[in-house]
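Raw contents of coords_18.csv, CSV, C-alpha atoms (C1' of nucleotides):
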chain,number,residue,atom,x,y,z
A,15,MET,CA,-8.7,-4.9,-34.6
A,16,CYS,CA,-6.1,-6.7,-32.5
A,17,ASP,CA,-7.9,-5.5,-29.4
A,18,LYS,CA,-9.6,-8.1,-27.3
A,19,VAL,CA,-13.2,-7.6,-26.3
A,20,ASN,CA,-14.4,-9.1,-23.1
A,21,ASP,CA,-17.8,-8.1,-21.8
A,22,GLY,CA,-17.2,-4.7,-23.3
A,23,LEU,CA,-13.8,-4.4,-21.5
A,24,LYS,CA,-11.3,-3.2,-24.1
A,25,SER,CA,-7.6,-2.9,-23.5
A,26,ALA,CA,-7.6,-0.1,-26.1
A,27,ASP,CA,-9.7,2.1,-23.8
A,28,LEU,CA,-7.3,1.6,-21.0
A,29,LEU,CA,-4.3,2.3,-23.3
A,30,ALA,CA,-5.9,5.5,-24.5
A,31,TRP,CA,-6.4,6.6,-20.8
A,32,TYR,CA,-2.7,5.6,-20.1
A,33,ASP,CA,-1.5,7.8,-23.1
A,34,ASP,CA,-3.0,10.8,-21.3
A,35,HIS,CA,-2.6,9.9,-17.6
A,36,ALA,CA,0.5,7.7,-17.2
A,37,ARG,CA,2.4,8.6,-14.1
A,38,SER,CA,5.9,9.9,-14.7
A,39,LEU,CA,8.2,7.6,-12.8
A,40,PRO,CA,12.0,7.6,-12.7
A,41,TRP,CA,12.2,4.0,-14.1
A,42,ARG,CA,9.5,4.5,-16.7
A,43,VAL,CA,9.6,5.2,-20.4
A,44,SER,CA,6.6,7.4,-21.2
A,45,PRO,CA,4.1,6.1,-23.7
A,46,ALA,CA,5.1,8.9,-26.0
A,47,ASP,CA,8.8,8.1,-25.9
A,48,ARG,CA,8.0,4.4,-26.3
A,49,LYS,CA,6.0,5.2,-29.5
A,50,ALA,CA,9.0,7.2,-30.6
A,51,GLY,CA,11.2,4.1,-30.3
A,52,VAL,CA,12.8,4.6,-26.9
A,53,ALA,CA,13.5,1.2,-25.4
A,54,PRO,CA,13.5,0.7,-21.6
A,55,ASP,CA,16.7,-0.3,-19.8
A,56,PRO,CA,16.1,-3.9,-18.6
A,57,TYR,CA,18.4,-3.2,-15.6
A,58,ALA,CA,16.3,-0.3,-14.5
A,59,VAL,CA,13.1,-2.2,-15.0
A,60,TRP,CA,14.4,-5.1,-13.0
A,61,LEU,CA,15.8,-3.0,-10.2
A,62,SER,CA,12.5,-1.0,-9.9
A,63,GLU,CA,10.4,-4.2,-10.0
A,64,ILE,CA,12.4,-5.8,-7.2
A,65,MET,CA,12.1,-2.6,-5.1
A,66,LEU,CA,8.4,-2.3,-5.8
A,67,GLN,CA,7.6,-5.7,-4.4
A,68,GLN,CA,5.1,-5.1,-1.6
A,69,THR,CA,6.4,-1.5,-1.4
A,70,THR,CA,4.9,1.8,-2.4
A,71,VAL,CA,6.1,4.0,-5.3
A,72,ALA,CA,6.7,6.8,-2.8
A,73,ALA,CA,9.0,4.7,-0.7
A,74,VAL,CA,10.9,3.4,-3.7
A,75,LYS,CA,11.7,6.5,-5.7
A,76,ASN,CA,14.7,7.8,-3.8
A,77,TYR,CA,16.2,4.4,-3.3
A,78,PHE,CA,15.9,3.7,-7.0
A,79,ILE,CA,17.6,6.9,-8.0
A,80,ARG,CA,20.3,6.3,-5.4
A,81,PHE,CA,21.0,2.8,-6.6
A,82,MET,CA,21.1,3.9,-10.3
A,83,THR,CA,23.5,6.7,-9.4
A,84,LEU,CA,25.8,4.4,-7.4
A,85,TRP,CA,25.5,1.4,-9.7
A,86,PRO,CA,24.3,2.4,-13.2
A,87,THR,CA,24.6,-1.1,-14.7
A,88,PHE,CA,24.1,-4.7,-13.4
A,89,GLU,CA,27.9,-5.2,-13.8
A,90,ASP,CA,28.5,-2.3,-11.4
A,91,LEU,CA,26.0,-3.7,-8.9
A,92,ALA,CA,27.5,-7.2,-9.3
A,93,ASN,CA,31.0,-5.8,-8.4
A,94,ALA,CA,29.8,-3.9,-5.3
A,95,GLU,CA,30.5,-5.1,-1.8
A,96,ASP,CA,27.6,-6.9,0.0
A,97,GLU,CA,27.8,-4.6,3.1
A,98,ARG,CA,27.6,-1.6,0.9
A,99,VAL,CA,24.5,-2.8,-0.9
A,100,MET,CA,22.8,-3.9,2.2
A,101,GLY,CA,23.5,-0.5,3.8
A,102,GLU,CA,21.9,1.3,0.9
A,103,TRP,CA,18.9,-0.9,1.0
A,104,ALA,CA,18.5,-0.3,4.8
A,105,GLY,CA,15.1,1.1,5.6
A,106,LEU,CA,13.3,-0.3,2.5
A,107,GLY,CA,12.4,-3.6,4.2
A,108,TYR,CA,12.2,-7.2,3.1
A,109,TYR,CA,15.9,-7.5,3.1
A,110,ALA,CA,16.0,-10.9,1.4
A,111,ARG,CA,15.2,-8.8,-1.7
A,112,ALA,CA,18.6,-7.1,-1.4
A,113,ARG,CA,20.5,-10.3,-0.9
A,114,ASN,CA,18.7,-11.8,-3.9
A,115,LEU,CA,19.3,-8.7,-5.9
A,116,LEU,CA,23.1,-9.1,-5.5
A,117,LYS,CA,22.9,-12.8,-6.2
A,118,CYS,CA,20.9,-12.1,-9.3
A,119,ALA,CA,23.3,-9.3,-10.5
A,120,ARG,CA,26.3,-11.7,-10.2
A,121,THR,CA,24.4,-14.3,-12.2
A,122,LEU,CA,23.7,-11.8,-14.9
A,123,ARG,CA,27.3,-10.8,-14.9
A,124,ASP,CA,28.4,-14.4,-15.3
A,125,GLN,CA,25.7,-15.1,-18.0
A,126,GLY,CA,26.3,-11.8,-19.9
A,127,GLY,CA,22.9,-10.2,-19.4
A,128,PHE,CA,19.2,-10.8,-19.0
A,129,PRO,CA,17.3,-13.8,-20.3
A,130,LYS,CA,15.0,-12.6,-23.0
A,131,ASP,CA,11.9,-14.5,-22.0
A,132,ARG,CA,9.7,-14.9,-19.0
A,133,ALA,CA,10.7,-18.5,-18.3
A,134,GLY,CA,14.4,-17.6,-18.3
A,135,LEU,CA,13.8,-14.6,-16.0
A,136,GLU,CA,11.9,-16.7,-13.5
A,137,THR,CA,14.9,-18.9,-12.9
A,138,LEU,CA,16.8,-16.0,-11.4
A,139,PRO,CA,16.9,-15.3,-7.6
A,140,GLY,CA,14.2,-12.9,-6.4
A,141,ILE,CA,12.2,-13.1,-9.6
A,142,GLY,CA,8.9,-15.0,-9.3
A,143,PRO,CA,5.7,-15.2,-11.4
A,144,TYR,CA,4.9,-11.5,-11.1
A,145,THR,CA,8.3,-10.0,-11.7
A,146,SER,CA,9.2,-12.3,-14.6
A,147,ALA,CA,6.0,-11.3,-16.4
A,148,ALA,CA,6.6,-7.6,-15.6
A,149,ILE,CA,10.1,-7.5,-16.9
A,150,ALA,CA,9.2,-9.5,-20.0
A,151,ALA,CA,6.3,-7.2,-20.7
A,152,ILE,CA,7.8,-3.8,-19.8
A,153,ALA,CA,11.4,-4.3,-20.8
A,154,PHE,CA,10.9,-6.6,-23.8
A,155,ASP,CA,7.3,-5.9,-24.8
A,156,HIS,CA,6.3,-9.5,-24.6
A,157,PRO,CA,2.5,-10.2,-24.3
A,158,GLU,CA,2.8,-11.7,-20.8
A,159,THR,CA,0.1,-11.3,-18.2
A,160,VAL,CA,1.2,-9.4,-15.2
A,161,VAL,CA,-0.8,-10.2,-12.0
A,162,ASP,CA,0.0,-8.2,-8.9
A,163,GLY,CA,-2.2,-6.7,-6.1
A,164,ASN,CA,-3.4,-3.9,-8.4
A,165,VAL,CA,-4.4,-6.3,-11.2
A,166,GLU,CA,-6.2,-8.6,-8.8
A,167,ARG,CA,-8.2,-5.7,-7.4
A,168,VAL,CA,-9.1,-4.4,-10.9
A,169,MET,CA,-10.1,-7.8,-12.1
A,170,ALA,CA,-12.1,-8.6,-9.0
A,171,ARG,CA,-14.1,-5.4,-9.6
A,172,VAL,CA,-14.6,-5.3,-13.4
A,173,PHE,CA,-15.6,-9.0,-13.4
A,174,GLU,CA,-17.2,-8.8,-9.9
A,175,ILE,CA,-15.3,-11.8,-8.6
A,176,THR,CA,-16.6,-12.2,-5.0
A,177,ALA,CA,-14.7,-15.3,-3.9
A,178,PRO,CA,-12.1,-14.3,-1.3
A,179,LEU,CA,-8.4,-14.2,-1.9
A,180,PRO,CA,-6.2,-16.2,-2.1
A,181,ASP,CA,-8.8,-18.8,-3.3
A,182,ALA,CA,-9.8,-16.6,-6.2
A,183,LYS,CA,-6.2,-16.1,-7.5
A,184,PRO,CA,-6.5,-18.5,-10.4
A,185,GLU,CA,-9.8,-17.0,-11.5
A,186,MET,CA,-8.3,-13.5,-11.3
A,187,LYS,CA,-5.3,-14.6,-13.3
A,188,LYS,CA,-7.5,-16.1,-16.0
A,189,ALA,CA,-9.5,-12.8,-16.1
A,190,ALA,CA,-6.4,-10.8,-16.4
A,191,ALA,CA,-5.1,-13.1,-19.2
A,192,SER,CA,-8.3,-12.6,-21.1
A,193,LEU,CA,-7.7,-8.9,-21.4
A,194,THR,CA,-3.9,-8.9,-22.2
A,195,PRO,CA,-3.4,-7.4,-25.7
A,196,LYS,CA,-0.8,-8.4,-28.2
A,197,MET,CA,-0.3,-4.7,-29.1
A,198,ARG,CA,1.7,-2.6,-26.6
A,199,PRO,CA,1.7,-5.2,-23.8
A,200,GLY,CA,4.4,-3.3,-21.9
A,201,ASP,CA,2.3,-0.1,-21.8
A,202,TYR,CA,-0.8,-2.2,-21.0
A,203,ALA,CA,0.8,-3.9,-18.0
A,204,GLN,CA,1.8,-0.5,-16.6
A,205,ALA,CA,-1.6,0.9,-17.4
A,206,VAL,CA,-3.5,-1.6,-15.3
A,207,MET,CA,-1.2,-1.0,-12.4
A,208,ASP,CA,-1.5,2.8,-12.8
A,209,LEU,CA,-5.3,2.4,-12.9
A,210,GLY,CA,-5.2,0.3,-9.7
A,211,ALA,CA,-2.9,2.8,-8.0
A,212,THR,CA,-4.7,6.0,-9.0
A,213,ILE,CA,-8.3,5.3,-9.9
A,214,CYS,CA,-9.3,1.8,-8.8
A,215,THR,CA,-7.8,2.3,-5.3
A,216,PRO,CA,-8.5,-0.1,-2.4
A,217,LYS,CA,-10.7,2.2,-0.3
A,218,SER,CA,-12.6,4.9,-2.3
A,219,PRO,CA,-12.3,4.0,-6.0
A,220,ALA,CA,-12.8,7.0,-8.3
A,221,CYS,CA,-15.3,5.1,-10.5
A,222,GLY,CA,-16.6,8.4,-12.1
A,223,ILE,CA,-13.4,9.0,-14.0
A,224,CYS,CA,-12.4,5.4,-14.7
A,225,PRO,CA,-11.9,4.5,-18.4
A,226,TRP,CA,-13.6,1.1,-17.7
A,227,ARG,CA,-16.5,2.5,-15.7
A,228,ALA,CA,-19.1,1.6,-18.4
A,229,PRO,CA,-18.4,-2.2,-18.5
A,230,CYS,CA,-17.3,-2.6,-14.9
A,231,LYS,CA,-19.7,-5.0,-13.2
A,232,SER,CA,-19.1,-4.1,-9.6
A,233,ARG,CA,-19.5,-0.4,-10.2
A,234,LEU,CA,-23.1,-1.1,-11.3
A,235,SER,CA,-23.8,-3.3,-8.3
A,236,GLY,CA,-22.0,-1.0,-5.9
A,237,LEU,CA,-19.8,-3.8,-4.6
A,238,ALA,CA,-16.6,-2.2,-6.1
A,239,PRO,CA,-15.3,-0.6,-2.8
A,240,THR,CA,-15.7,-4.0,-1.0
A,241,LEU,CA,-13.7,-6.0,-3.5
A,242,PRO,CA,-11.5,-8.0,-3.6
A,243,ARG,CA,-12.6,-9.9,-0.5
A,244,LYS,CA,-9.9,-11.4,1.7
A,245,ARG,CA,-9.7,-14.0,4.4
A,246,LYS,CA,-9.1,-12.6,7.8
A,247,LYS,CA,-5.5,-12.4,9.0
A,248,ALA,CA,-4.2,-13.7,12.3
A,249,ALA,CA,-3.7,-11.2,15.1
A,250,LYS,CA,-0.1,-10.2,15.6
A,251,PRO,CA,1.5,-11.4,18.9
A,252,VAL,CA,3.8,-9.2,20.9
A,253,ARG,CA,7.5,-10.1,21.3
A,254,TYR,CA,9.9,-8.6,23.8
A,255,GLY,CA,13.6,-8.0,23.6
A,256,ILE,CA,16.6,-5.9,24.8
A,257,ALA,CA,19.0,-4.0,22.6
A,258,TYR,CA,22.5,-3.1,23.9
A,259,LEU,CA,24.0,0.1,22.6
A,260,ALA,CA,27.7,0.4,23.6
A,261,ARG,CA,29.7,3.4,22.6
A,262,ARG,CA,33.5,3.2,22.8
A,263,ASP,CA,35.5,6.2,23.9
A,264,ASP,CA,36.7,6.7,20.3
A,265,GLY,CA,33.1,7.0,19.1
A,266,ALA,CA,32.8,3.6,17.6
A,267,TRP,CA,29.6,1.6,18.3
A,268,LEU,CA,29.2,-2.1,19.1
A,269,LEU,CA,27.2,-3.7,16.3
A,270,GLU,CA,26.6,-7.1,14.9
A,271,ARG,CA,26.0,-8.4,11.4
A,272,ARG,CA,22.9,-10.5,11.5
A,273,PRO,CA,22.9,-13.9,9.8
A,274,ASP,CA,21.5,-14.0,6.2
A,275,LYS,CA,18.6,-16.2,7.1
A,276,GLY,CA,15.6,-14.9,9.0
A,277,LEU,CA,14.4,-11.5,10.3
A,278,LEU,CA,16.5,-8.5,9.1
A,279,GLY,CA,18.9,-11.0,7.5
A,280,GLY,CA,22.3,-9.7,6.5
A,281,MET,CA,21.6,-6.3,8.2
A,282,LEU,CA,23.5,-4.5,10.9
A,283,GLY,CA,21.9,-4.4,14.4
A,284,TRP,CA,22.4,-3.9,18.1
A,285,PRO,CA,23.5,-7.0,20.0
A,286,GLY,CA,21.2,-8.8,22.3
A,287,ALA,CA,19.4,-12.1,22.8
A,288,GLU,CA,16.7,-13.2,20.4
A,289,TRP,CA,13.3,-11.6,20.8
A,290,GLY,CA,10.6,-13.7,22.3
A,291,GLU,CA,7.8,-13.9,24.8
A,292,LEU,CA,10.1,-12.7,27.5
A,293,ALA,CA,12.9,-10.1,27.3
A,294,GLN,CA,16.2,-11.8,28.0
A,295,GLU,CA,19.3,-10.0,29.4
A,296,ALA,CA,22.3,-10.8,27.3
A,297,PRO,CA,24.9,-8.0,27.7
A,298,PRO,CA,27.4,-8.3,24.8
A,299,ILE,CA,30.3,-6.8,26.8
A,300,LEU,CA,31.2,-6.2,30.4
A,301,ALA,CA,30.1,-2.6,31.2
A,302,ASN,CA,28.1,-0.4,33.4
A,303,TRP,CA,24.8,-0.8,31.6
A,304,ARG,CA,22.1,1.8,32.2
A,305,ASP,CA,18.4,1.8,31.3
A,306,PRO,CA,17.4,5.0,29.5
A,307,GLY,CA,13.8,4.2,30.2
A,308,ALA,CA,12.2,4.7,26.8
A,309,GLU,CA,11.3,1.7,24.8
A,310,VAL,CA,11.2,1.1,21.0
A,311,ARG,CA,7.8,0.1,19.6
A,312,HIS,CA,7.9,-1.4,16.2
A,313,THR,CA,5.6,-3.6,14.1
A,314,PHE,CA,6.9,-6.2,11.7
A,315,THR,CA,4.9,-8.3,9.2
A,316,HIS,CA,3.8,-10.8,11.8
A,317,PHE,CA,4.5,-9.5,15.3
A,318,HIS,CA,4.7,-6.3,17.4
A,319,LEU,CA,8.0,-5.7,19.1
A,320,LEU,CA,8.6,-4.0,22.5
A,321,LEU,CA,12.3,-3.4,22.7
A,322,SER,CA,13.9,-2.3,25.9
A,323,LEU,CA,17.3,-0.5,25.8
A,324,ARG,CA,20.6,-0.7,27.6
A,325,VAL,CA,23.3,1.9,27.1
A,326,ALA,CA,27.0,2.0,28.1
A,327,ASP,CA,30.2,3.9,27.6
A,328,VAL,CA,33.1,1.5,27.3
A,329,PRO,CA,36.9,2.1,27.3
A,330,MET,CA,39.2,1.4,24.4
A,331,ASP,CA,40.4,-2.0,25.7
A,332,ALA,CA,37.0,-3.5,26.3
A,333,GLN,CA,36.5,-6.9,24.7
A,334,PRO,CA,33.0,-7.7,23.3
A,335,VAL,CA,31.5,-11.2,23.6
A,336,GLN,CA,29.1,-10.4,20.8
A,337,GLY,CA,29.5,-8.0,17.8
A,338,SER,CA,32.4,-5.7,16.9
A,339,PHE,CA,33.1,-2.0,17.2
A,340,GLN,CA,32.8,0.1,14.1
A,341,VAL,CA,32.0,3.6,12.9
A,342,LEU,CA,28.3,4.0,12.7
A,343,ARG,CA,26.5,5.2,9.6
A,344,LYS,CA,22.9,5.5,10.8
A,345,SER,CA,21.6,5.1,7.3
A,346,ASP,CA,23.0,1.6,7.2
A,347,LEU,CA,20.7,0.5,10.0
A,348,PRO,CA,17.2,-1.0,9.4
A,349,THR,CA,14.5,1.1,10.8
A,350,VAL,CA,13.9,-0.7,14.1
A,351,MET,CA,17.6,-0.3,14.9
A,352,ARG,CA,17.6,3.4,14.0
A,353,LYS,CA,14.7,3.9,16.3
A,354,ALA,CA,16.8,2.5,19.2
A,355,PHE,CA,19.7,4.8,18.3
A,356,ASP,CA,17.4,7.8,18.1
A,357,LEU,CA,15.8,7.1,21.4
A,358,VAL,CA,19.2,6.8,23.1
A,359,VAL,CA,20.4,10.0,21.7
A,360,GLU,CA,17.1,11.8,22.6
A,361,GLN,CA,17.3,10.5,26.1
A,362,GLY,CA,20.9,11.8,26.4
A,363,ALA,CA,21.8,8.4,27.9
A,364,LEU,CA,25.5,8.7,27.0
A,365,LYS,CA,28.5,10.1,28.8
A,366,GLN,CA,29.3,13.5,27.4
A,367,ALA,CA,28.6,15.2,30.7
A,368,GLU,CA,27.6,18.4,28.9
A,369,GLY,CA,24.8,16.8,27.0
A,370,VAL,CA,24.2,14.8,23.9
A,371,PRO,CA,26.9,14.9,21.2
A,372,SER,CA,25.7,16.4,18.0
A,373,GLU,CA,24.8,13.7,15.5
A,374,ASP,CA,27.6,14.7,13.2
A,375,ASN,CA,30.1,13.6,15.8
A,376,VAL,CA,28.8,10.1,16.0
A,377,VAL,CA,27.2,9.5,12.6
A,378,ALA,CA,28.6,9.7,9.2
A,379,HIS,CA,25.8,10.7,7.0
A,380,GLN,CA,25.6,9.4,3.4
B,4,DC,C1',1.6,-24.5,1.1
B,5,DA,C1',1.0,-21.6,4.7
B,6,DG,C1',4.2,-19.0,7.4
B,7,DC,C1',7.8,-15.9,7.1
B,8,DC,C1',9.7,-11.5,5.8
B,9,DG,C1',9.7,-4.4,6.8
B,10,DT,C1',8.1,-0.2,6.6
B,11,DG,C1',5.3,4.0,6.3
B,12,DG,C1',1.0,6.1,5.2
B,13,DC,C1',-3.7,6.4,5.9
B,14,DA,C1',-8.6,6.1,7.6
C,1,DT,C1',-4.7,3.4,18.5
C,2,DT,C1',-5.4,-0.1,15.4
C,3,DG,C1',-5.7,-2.4,11.2
C,4,DC,C1',-5.1,-2.4,6.4
C,5,DC,C1',-2.4,-2.0,2.6
C,6,DA,C1',1.6,-1.6,-1.3
C,7,DA,C1',4.4,-3.5,-8.6
C,8,DG,C1',5.7,-10.8,-4.0
C,9,DG,C1',9.2,-14.5,-3.3
C,10,DC,C1',11.1,-18.2,-0.8
C,11,DT,C1',10.8,-22.4,1.8

Before we go any further, please render this structure as structure tokens.
Amino acid sequence: MCDKVNDGLKSADLLAWYDDHARSLPWRVSPADRKAGVAPDPYAVWLSEIMLQQTTVAAVKNYFIRFMTLWPTFEDLANAEDERVMGEWAGLGYYARARNLLKCARTLRDQGGFPKDRAGLETLPGIGPYTSAAIAAIAFDHPETVVDGNVERVMARVFEITAPLPDAKPEMKKAAASLTPKMRPGDYAQAVMDLGATICTPKSPACGICPWRAPCKSRLSGLAPTLPRKRKKAAKPVRYGIAYLARRDDGAWLLERRPDKGLLGGMLGWPGAEWGELAQEAPPILANWRDPGAEVRHTFTHFHLLLSLRVADVPMDAQPVQGSFQVLRKSDLPTVMRKAFDLVVEQGALKQAEGVPSEDNVVAHQ
DNA sequence: CAGCCGTGGCA
DNA sequence: TTGCCAAGGCT
């Protein structure tokens, strides 16, 4: 048997479970198809893995399908315009991923395709230890050990690793490596993650139907739902800011392209001063600014934002100090900026004496 | 290397 | 309402 045995934990048991319970996902080759010789598309594997970084399957699905439709190959993506790709990524978050995605696609174009091993993959922008192992395993069926949040949780439980993260990372990685099989490593990598996502879930693990219930140490001890342990995170501070929404008489909006580095890097946004402990007035154009009253509440990774709004209708000859006028596609905006737009429309804070314009007049939907 | 970097769903 | 969490990487 090629199967590794480790305290009764057998990859074959997990693979057997995966054969019957694998989730059907747009980027996945089913275990049956894989056995029939169907090879995954490395481009689809790579794109999905980048999108799935710190992001749920539910959130990714439609973005993945949209990207594959617009840009079916990495060459197509490499030849796309930056603004177009950033706009399609809008709403998915962690925008550095989109910038690195483009950078990586253009490197692939210049190099003529994907490196065929993990080390080569990890040299590419946006591809780190997890993603390089995932692509090598899933796309090329290399016996690399994939370690993500799911795997850490499963390992912490089956081996009852009680040391807190991130201290326990090396131990969990070692545990994961001890289980990685030489047969079907691609299916195995996806099987552990499916187990973590559907059975060995963070809050109420369904231990009763787990293929590894018998050898799982923390199921016996009852500690499973409490693992893995994690160090406490710092409380999020509150930052304040003001967003300025100016609508020109021809329907164009005053927007700015944010710098590549930092928060919402490379994305479109409403002009204004940087957010901080105090909200700073910084009108981007001379106008009769009005306060619609409502505020945007939004939480980022490491702070809460309270965003006040200013709205103005401006004439065609107005000259902005910051940003430029352009036709707005709401779908190009990151979520916090969409919230500001939605509030302004809801408040009816714009001219149009007879009420709010219908969205179709101001927004070109995708 | 610890801080930075989005968003939505859920208890 | 609040905090936690999701197929992490970069600096």

Define the interface residues of chain C facing chain A as those within 8 Å, counting only C-alpha atoms (C1' of nucleotides), and report them as a count of residues only.
-> 4

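Candidate residues A:Ala170, A:Lys117, A:Gly107, A:Thr137 were compared for distance to chain B, and the nearest is A:Gly107, using all atoms listed in the file.
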
Could the residues of chain B within 9 Å of chain A, counting all atoms listed in the file, be given as a PyMOL selection string, please?
-> chain B and resi 7-11

Find the residues around Asp331 in chain A up to 10 Å (only C-alpha atoms (C1' of nucleotides) counted), leave out those fewer than 2 positions away in its own chain, and share them as a PyMOL selection string.
-> chain A and resi 262-263+328-329+333-334

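You will find CA of Arg271 in chain A at 23.5 Å from CA of Arg304 in chain A.
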
Using only C-alpha atoms, which of the listed residues (A:Val168, A:Ala189, A:Leu115, A:Val74) sits closest to Phe88 in chain A?
-> A:Leu115

Near DG3 in chain C, counting all atoms listed in the file, which residues have an atom at most 12 Å away, once you skip same-chain residues fewer than 2 positions from it, shown as a ChimeraX atom specification?
-> /A:246-250,313 /B:13-14 /C:1,5

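Between CA of Asp201 in chain A and CA of Ala36 in chain A the interatomic distance comes to 9.2 Å.
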
Can you tell me how far C1' of DG12 in chain B sits from CA of Leu116 in chain A, in Å to one decimal?
->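 Atom-to-atom, C1' of DG12 in chain B and CA of Leu116 in chain A are spaced 28.9 Å apart.
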